[in-house]
file entry_2.csv (CSV, C-alpha atoms)
chain,number,residue,atom,x,y,z
J,1,ALA,CA,9.2,-8.5,4.7
J,2,GLY,CA,10.4,-6.5,1.8
J,3,GLY,CA,8.6,-3.5,0.4
J,4,ASN,CA,6.5,-2.3,3.3
J,5,LEU,CA,8.3,1.1,3.4
J,6,ALA,CA,8.2,1.4,-0.4
J,7,ALA,CA,4.5,0.6,-0.5
J,8,ALA,CA,3.8,3.1,2.4
J,9,LEU,CA,5.7,5.8,0.5
J,10,CYS,CA,3.6,5.2,-2.6
J,11,VAL,CA,0.4,5.3,-0.4
J,12,ARG,CA,1.6,8.7,1.0
J,13,ILE,CA,2.4,10.1,-2.4
J,14,GLY,CA,-0.9,8.9,-3.7
J,15,MET,CA,-2.7,10.5,-0.8
J,16,GLN,CA,-1.0,13.8,-1.6
J,17,GLU,CA,-2.0,13.5,-5.2
J,18,VAL,CA,-5.6,12.9,-4.3
J,19,GLU,CA,-5.5,15.8,-1.8
J,20,ASN,CA,-3.9,18.1,-4.4
J,21,ARG,CA,-6.5,17.1,-7.0
J,22,ASP,CA,-9.3,17.7,-4.5
J,23,TYR,CA,-7.9,21.1,-3.6
J,24,LEU,CA,-7.6,22.1,-7.3
J,25,ASP,CA,-11.2,20.8,-8.0
J,26,GLU,CA,-12.6,22.8,-5.0
J,27,SER,CA,-10.7,26.0,-6.1
J,28,VAL,CA,-12.0,25.7,-9.6
J,29,ASP,CA,-15.6,25.0,-8.4
J,30,SER,CA,-15.5,28.0,-6.0
J,31,GLY,CA,-13.9,30.3,-8.5
J,32,ASP,CA,-10.9,30.9,-6.2
J,33,ASP,CA,-7.8,32.4,-7.8
J,34,LEU,CA,-5.4,29.5,-8.3
J,35,LEU,CA,-2.5,31.9,-8.5
J,36,SER,CA,-2.9,33.2,-5.0
J,37,THR,CA,-0.1,33.1,-2.4
J,38,GLU,CA,-1.4,29.8,-1.0
J,39,THR,CA,0.4,26.8,-2.5
J,40,ILE,CA,-0.2,23.1,-2.3
J,41,ASP,CA,3.3,21.9,-2.2
J,42,ASP,CA,6.4,23.7,-3.6
J,43,GLU,CA,8.0,20.4,-4.7
J,44,PRO,CA,5.6,17.4,-4.3
J,45,ALA,CA,7.2,14.0,-4.1
J,46,ARG,CA,7.2,12.1,-7.3
J,47,MET,CA,5.8,8.6,-7.6
J,48,PRO,CA,8.4,6.0,-8.5
J,49,ASP,CA,8.4,4.6,-12.0
J,50,GLY,CA,7.8,1.1,-10.7
J,51,LEU,CA,7.5,-0.8,-7.5
J,52,MET,CA,8.8,-4.3,-6.6
J,53,LEU,CA,7.5,-5.8,-3.4
J,54,SER,CA,9.0,-9.1,-2.0
J,55,CYS,CA,7.0,-11.0,0.6
J,56,ALA,CA,5.5,-7.8,1.8
J,57,ALA,CA,3.2,-7.6,4.8
J,58,LEU,CA,0.5,-5.4,3.3
J,59,ASN,CA,-2.1,-6.1,5.9
J,60,LEU,CA,-0.9,-5.9,9.5
J,61,THR,CA,-4.3,-6.7,11.0
J,62,LEU,CA,-3.4,-10.4,11.1
J,63,GLU,CA,-6.8,-11.4,9.8
J,64,THR,CA,-7.1,-15.1,9.2
J,65,SER,CA,-6.3,-16.2,5.7
J,66,HIS,CA,-5.5,-19.6,4.1
J,67,SER,CA,-1.8,-18.8,3.8
J,68,ARG,CA,-1.5,-17.5,7.3
J,69,ILE,CA,-3.1,-20.7,8.7
J,70,LEU,CA,-0.8,-22.9,6.6
J,71,GLY,CA,2.1,-20.8,7.6
J,72,THR,CA,1.7,-20.9,11.4
J,73,GLU,CA,4.6,-23.4,11.6
J,74,ASP,CA,6.7,-21.6,9.0
J,75,PRO,CA,10.3,-21.9,10.2
J,76,VAL,CA,11.3,-18.4,9.0
J,77,LEU,CA,8.1,-16.5,9.8
J,78,PRO,CA,5.9,-18.3,12.2
J,79,GLY,CA,2.5,-16.8,13.2
J,80,GLY,CA,3.8,-15.7,16.6
J,81,LEU,CA,6.6,-13.8,15.0
J,82,ILE,CA,4.3,-12.1,12.5
J,83,SER,CA,2.2,-10.9,15.4
J,84,ALA,CA,5.2,-9.6,17.4
J,85,ILE,CA,6.6,-7.8,14.4
J,86,SER,CA,3.2,-6.3,13.6
J,87,ASP,CA,2.8,-5.0,17.1
J,88,ALA,CA,6.4,-3.6,17.2
J,89,TYR,CA,6.2,-2.0,13.8
J,90,LEU,CA,3.5,0.5,14.7
J,91,PRO,CA,3.9,3.5,17.0
J,92,PRO,CA,1.4,3.7,19.8
J,93,GLY,CA,-2.0,4.8,18.7
J,94,LEU,CA,-1.6,4.0,15.0
J,95,SER,CA,-4.3,1.6,13.8
J,96,LYS,CA,-3.2,-1.5,11.9
J,97,LYS,CA,-5.8,-0.5,9.3
J,98,ASP,CA,-4.1,2.8,8.7
J,99,PRO,CA,-3.1,2.7,5.0
J,100,LEU,CA,0.4,3.9,5.8
J,101,ALA,CA,0.9,0.8,8.0
J,102,SER,CA,-1.2,-1.6,5.9
J,103,PRO,CA,-1.3,-0.4,2.3
J,104,TYR,CA,-4.0,-2.9,1.6
J,105,PHE,CA,-6.4,-0.5,3.3
J,106,ALA,CA,-5.6,2.5,1.0
J,107,SER,CA,-8.6,3.9,-0.8
J,108,ASP,CA,-9.1,3.0,-4.5
J,109,ALA,CA,-8.5,6.7,-5.3
J,110,VAL,CA,-5.0,6.4,-3.8
J,111,LEU,CA,-4.2,3.0,-5.3
J,112,LYS,CA,-5.1,4.4,-8.8
J,113,HIS,CA,-1.9,6.5,-8.5
J,114,PHE,CA,0.4,3.5,-7.9
J,115,PRO,CA,3.1,2.8,-10.4
J,116,PRO,CA,3.3,-0.5,-12.2
J,117,THR,CA,3.9,-3.1,-9.4
J,118,LEU,CA,5.6,-6.5,-9.3
J,119,LEU,CA,4.9,-8.6,-6.2
J,120,PHE,CA,7.0,-11.6,-5.3
J,121,ALA,CA,6.0,-14.3,-2.8
J,122,GLY,CA,6.7,-17.9,-2.0
J,123,SER,CA,3.9,-20.4,-2.6
J,124,LYS,CA,4.1,-21.3,1.1
J,125,ASP,CA,4.7,-17.8,2.4
J,126,PRO,CA,2.4,-16.9,5.3
J,127,LEU,CA,2.0,-13.5,3.7
J,128,LEU,CA,1.1,-14.8,0.2
J,129,ASP,CA,-2.6,-13.9,0.6
J,130,ASP,CA,-1.6,-10.3,1.4
J,131,SER,CA,0.1,-10.2,-2.0
J,132,VAL,CA,-2.7,-11.9,-3.8
J,133,ALA,CA,-5.3,-9.5,-2.4
J,134,PHE,CA,-3.2,-6.4,-3.0
J,135,ASN,CA,-2.5,-7.5,-6.5
J,136,GLN,CA,-6.2,-7.9,-7.2
J,137,ARG,CA,-7.0,-4.5,-5.7
J,138,LEU,CA,-4.3,-2.8,-7.8
J,139,ARG,CA,-5.5,-4.5,-11.0
J,140,SER,CA,-9.1,-3.5,-10.2
J,141,CYS,CA,-7.9,0.1,-9.9
J,142,GLY,CA,-6.4,-0.1,-13.4
J,143,VAL,CA,-2.8,-0.3,-12.2
J,144,THR,CA,-0.5,-2.7,-14.1
J,145,SER,CA,0.4,-5.3,-11.5
J,146,GLU,CA,1.8,-8.8,-11.5
J,147,LEU,CA,2.2,-11.4,-8.8
J,148,ARG,CA,4.9,-14.0,-9.1
J,149,ALA,CA,4.8,-16.8,-6.6
J,150,ALA,CA,7.8,-19.1,-6.4
J,151,GLN,CA,7.1,-22.7,-5.8
J,152,ASN,CA,8.6,-23.9,-2.6
call {"tool": "encode", "arguments": {"input": "entry_2.csv", "output": "C-alpha coordinates"}}
result
Amino acid sequence: AGGNLAAALCVRIGMQEVENRDYLDESVDSGDDLLSTETIDDEPARMPDGLMLSCAALNLTLETSHSRILGTEDPVLPGGLISAISDAYLPPGLSKKDPLASPYFASDAVLKHFPPTLLFAGSKDPLLDDSVAFNQRLRSCGVTSELRAAQN
(Lines of atoms letter the chains of each structure in order from A and count residues from 1; the text may use other names and numbers.)
(Lines give C-alpha, C1' and ligand atoms only; values in the text may rest on other atoms or scores of the structure.)
Protein backbone atom coordinates (compact mmCIF):
# COMPACT_ATOMS: atom_id res chain seq x y z
CA ALA A 1 0.00 0.00 0.00
CA GLY A 2 1.31 3.44 -0.77
CA GLY A 3 1.14 6.36 1.55
CA ASN A 4 0.85 4.82 4.99
CA LEU A 5 4.09 6.36 6.18
CA ALA A 6 3.22 9.73 4.63
CA ALA A 7 -0.23 9.70 6.24
CA ALA A 8 1.27 8.69 9.61
CA LEU A 9 3.78 11.54 9.33
CA CYS A 10 0.93 14.01 8.73
CA VAL A 11 -0.95 12.56 11.72
CA ARG A 12 2.15 13.04 13.92
CA ILE A 13 2.70 16.61 12.74
CA GLY A 14 -1.00 17.34 13.24
CA MET A 15 -0.80 15.90 16.76
CA GLN A 16 2.18 18.16 17.51
CA GLU A 17 0.30 21.18 16.18
CA VAL A 18 -2.72 20.36 18.37
CA GLU A 19 -0.45 19.83 21.40
CA ASN A 20 1.39 23.10 20.75
CA ARG A 21 -1.88 25.01 20.32
CA ASP A 22 -3.25 23.50 23.54
CA TYR A 23 0.00 24.40 25.35
CA LEU A 24 -0.21 28.00 24.13
CA ASP A 25 -3.90 28.23 25.05
CA GLU A 26 -3.19 26.93 28.57
CA SER A 27 -0.28 29.37 28.99
CA VAL A 28 -2.41 32.33 27.94
CA ASP A 29 -5.33 31.20 30.13
CA SER A 30 -3.09 30.79 33.19
CA GLY A 31 -1.16 34.00 32.59
CA ASP A 32 2.17 32.16 32.24
CA ASP A 33 5.03 34.01 30.63
CA LEU A 34 5.32 32.61 27.09
CA LEU A 35 8.89 33.86 26.89
CA SER A 36 10.10 31.60 29.69
CA THR A 37 12.98 29.18 29.15
CA GLU A 38 10.52 26.33 28.51
CA THR A 39 10.00 25.83 24.79
CA ILE A 40 7.56 23.72 22.83
CA ASP A 41 9.85 22.66 19.99
CA ASP A 42 12.84 24.52 18.66
CA GLU A 43 12.08 23.54 15.08
CA PRO A 44 8.72 21.79 14.69
CA ALA A 45 8.23 19.66 11.61
CA ARG A 46 6.37 21.37 8.80
CA MET A 47 3.26 19.83 7.30
CA PRO A 48 3.78 18.97 3.62
CA ASP A 49 2.10 21.21 1.05
CA GLY A 50 0.11 18.27 -0.28
CA LEU A 51 -0.38 14.56 0.19
CA MET A 52 -0.96 11.82 -2.38
CA LEU A 53 -1.98 8.39 -1.12
CA SER A 54 -2.20 5.40 -3.46
CA CYS A 55 -4.13 2.32 -2.32
CA ALA A 56 -3.29 3.20 1.27
CA ALA A 57 -4.27 0.96 4.19
CA LEU A 58 -5.66 3.69 6.42
CA ASN A 59 -7.50 1.39 8.82
CA LEU A 60 -5.51 -1.65 9.96
CA THR A 61 -8.30 -3.04 12.14
CA LEU A 62 -9.50 -5.18 9.23
CA GLU A 63 -13.10 -4.32 9.95
CA THR A 64 -15.47 -5.85 7.46
CA SER A 65 -16.33 -3.58 4.56
CA HIS A 66 -17.85 -4.06 1.13
CA SER A 67 -14.53 -3.70 -0.71
CA ARG A 68 -12.74 -6.05 1.69
CA ILE A 69 -15.40 -8.74 1.24
CA LEU A 70 -15.27 -8.41 -2.55
CA GLY A 71 -11.47 -8.33 -2.44
CA THR A 72 -10.93 -11.53 -0.45
CA GLU A 73 -9.91 -13.31 -3.66
CA ASP A 74 -7.90 -10.37 -5.02
CA PRO A 75 -4.85 -11.86 -6.80
CA VAL A 76 -2.51 -9.07 -5.64
CA LEU A 77 -3.78 -8.40 -2.12
CA PRO A 78 -5.98 -11.25 -0.85
CA GLY A 79 -7.62 -10.97 2.57
CA GLY A 80 -5.13 -13.32 4.24
CA LEU A 81 -2.20 -11.23 3.03
CA ILE A 82 -3.84 -8.02 4.25
CA SER A 83 -4.18 -9.61 7.70
CA ALA A 84 -0.57 -10.86 7.72
CA ILE A 85 0.78 -7.47 6.62
CA SER A 86 -1.36 -5.69 9.20
CA ASP A 87 -0.04 -7.93 11.98
CA ALA A 88 3.60 -7.62 10.84
CA TYR A 89 3.40 -3.85 10.34
CA LEU A 90 2.86 -2.99 14.00
CA PRO A 91 5.34 -3.33 16.83
CA PRO A 92 4.15 -5.41 19.78
CA GLY A 93 1.73 -3.56 22.02
CA LEU A 94 0.66 -0.91 19.48
CA SER A 95 -3.08 -0.95 18.86
CA LYS A 96 -4.37 -1.19 15.31
CA LYS A 97 -6.54 1.79 16.25
CA ASP A 98 -3.54 3.98 17.09
CA PRO A 99 -3.76 6.93 14.67
CA LEU A 100 -0.08 6.55 13.80
CA ALA A 101 -0.83 3.01 12.55
CA SER A 102 -4.34 3.68 11.23
CA PRO A 103 -4.68 7.35 10.28
CA TYR A 104 -8.44 6.88 9.94
CA PHE A 105 -8.62 6.95 13.75
CA ALA A 106 -6.94 10.34 14.11
CA SER A 107 -9.11 12.92 15.87
CA ASP A 108 -10.89 15.62 13.88
CA ALA A 109 -8.63 18.19 15.57
CA VAL A 110 -5.61 16.44 14.04
CA LEU A 111 -7.18 15.84 10.63
CA LYS A 112 -8.02 19.55 10.32
CA HIS A 113 -4.27 20.18 10.01
CA PHE A 114 -3.85 17.84 7.03
CA PRO A 115 -2.68 19.31 3.73
CA PRO A 116 -4.77 19.04 0.57
CA THR A 117 -4.96 15.30 -0.11
CA LEU A 118 -5.41 13.20 -3.23
CA LEU A 119 -6.27 9.54 -2.76
CA PHE A 120 -5.97 6.95 -5.54
CA ALA A 121 -7.54 3.49 -5.47
CA GLY A 122 -8.79 0.88 -7.88
CA SER A 123 -12.52 0.24 -8.14
CA LYS A 124 -11.90 -3.38 -7.05
CA ASP A 125 -9.17 -2.58 -4.53
CA PRO A 126 -9.81 -4.38 -1.22
CA LEU A 127 -8.74 -1.12 0.50
CA LEU A 128 -11.08 1.14 -1.50
CA ASP A 129 -13.44 1.62 1.44
CA ASP A 130 -10.51 2.84 3.58
CA SER A 131 -9.87 5.59 1.04
CA VAL A 132 -13.57 6.46 0.71
CA ALA A 133 -14.02 6.75 4.48
CA PHE A 134 -10.80 8.72 4.98
CA ASN A 135 -11.68 11.09 2.14
CA GLN A 136 -15.08 11.70 3.76
CA ARG A 137 -13.48 12.37 7.15
CA LEU A 138 -10.96 14.83 5.68
CA ARG A 139 -13.67 16.68 3.76
CA SER A 140 -15.90 16.86 6.87
CA CYS A 141 -12.93 18.47 8.67
CA GLY A 142 -12.63 21.15 5.98
CA VAL A 143 -9.57 19.66 4.28
CA THR A 144 -9.44 19.81 0.49
CA SER A 145 -9.48 16.14 -0.44
CA GLU A 146 -10.26 14.19 -3.58
CA LEU A 147 -10.60 10.48 -4.24
CA ARG A 148 -9.93 9.06 -7.69
CA ALA A 149 -10.87 5.43 -8.24
CA ALA A 150 -9.62 3.84 -11.44
CA GLN A 151 -12.04 1.43 -13.06
CA ASN A 152 -10.55 -2.05 -13.19
call {"tool": "closest_residue", "arguments": {"input": "entry_2.csv", "among": "J:Thr117, J:Leu60, J:Asn152, J:Asn135", "to": "Ala88 of chain J", "atoms": "all atoms listed in the file"}}
result
J:Leu60
call {"tool": "atom_distance", "arguments": {"input": "entry_2.csv", "atom1": "atom CA of Asp129 of chain J", "atom2": "atom CA of Arg68 of chain J"}}
result
7.7 Å
call {"tool": "atom_distance", "arguments": {"input": "entry_2.csv", "atom1": "atom CA of Met47 of chain J", "atom2": "atom CA of Val11 of chain J"}}
result
9.6 Å
call {"tool": "atom_distance", "arguments": {"input": "entry_2.csv", "atom1": "atom CA of Leu53 of chain J", "atom2": "atom CA of Ser86 of chain J"}}
result
17.5 Å
call {"tool": "closest_residue", "arguments": {"input": "entry_2.csv", "among": "J:Val76, J:Leu70, J:Glu146, J:Ala57", "to": "Tyr89 of chain J", "atoms": "all atoms listed in the file"}}
result
J:Ala57
call {"tool": "closest_residue", "arguments": {"input": "entry_2.csv", "among": "J:Leu58, J:Cys10, J:Cys141, J:Leu77", "to": "Phe105 of chain J", "atoms": "only C-alpha atoms"}}
result
J:Leu58
call {"tool": "closest_residue", "arguments": {"input": "entry_2.csv", "among": "J:Pro103, J:Gln151, J:Thr144, J:Leu138", "to": "Ala56 of chain J", "atoms": "all atoms listed in the file"}}
result
J:Pro103
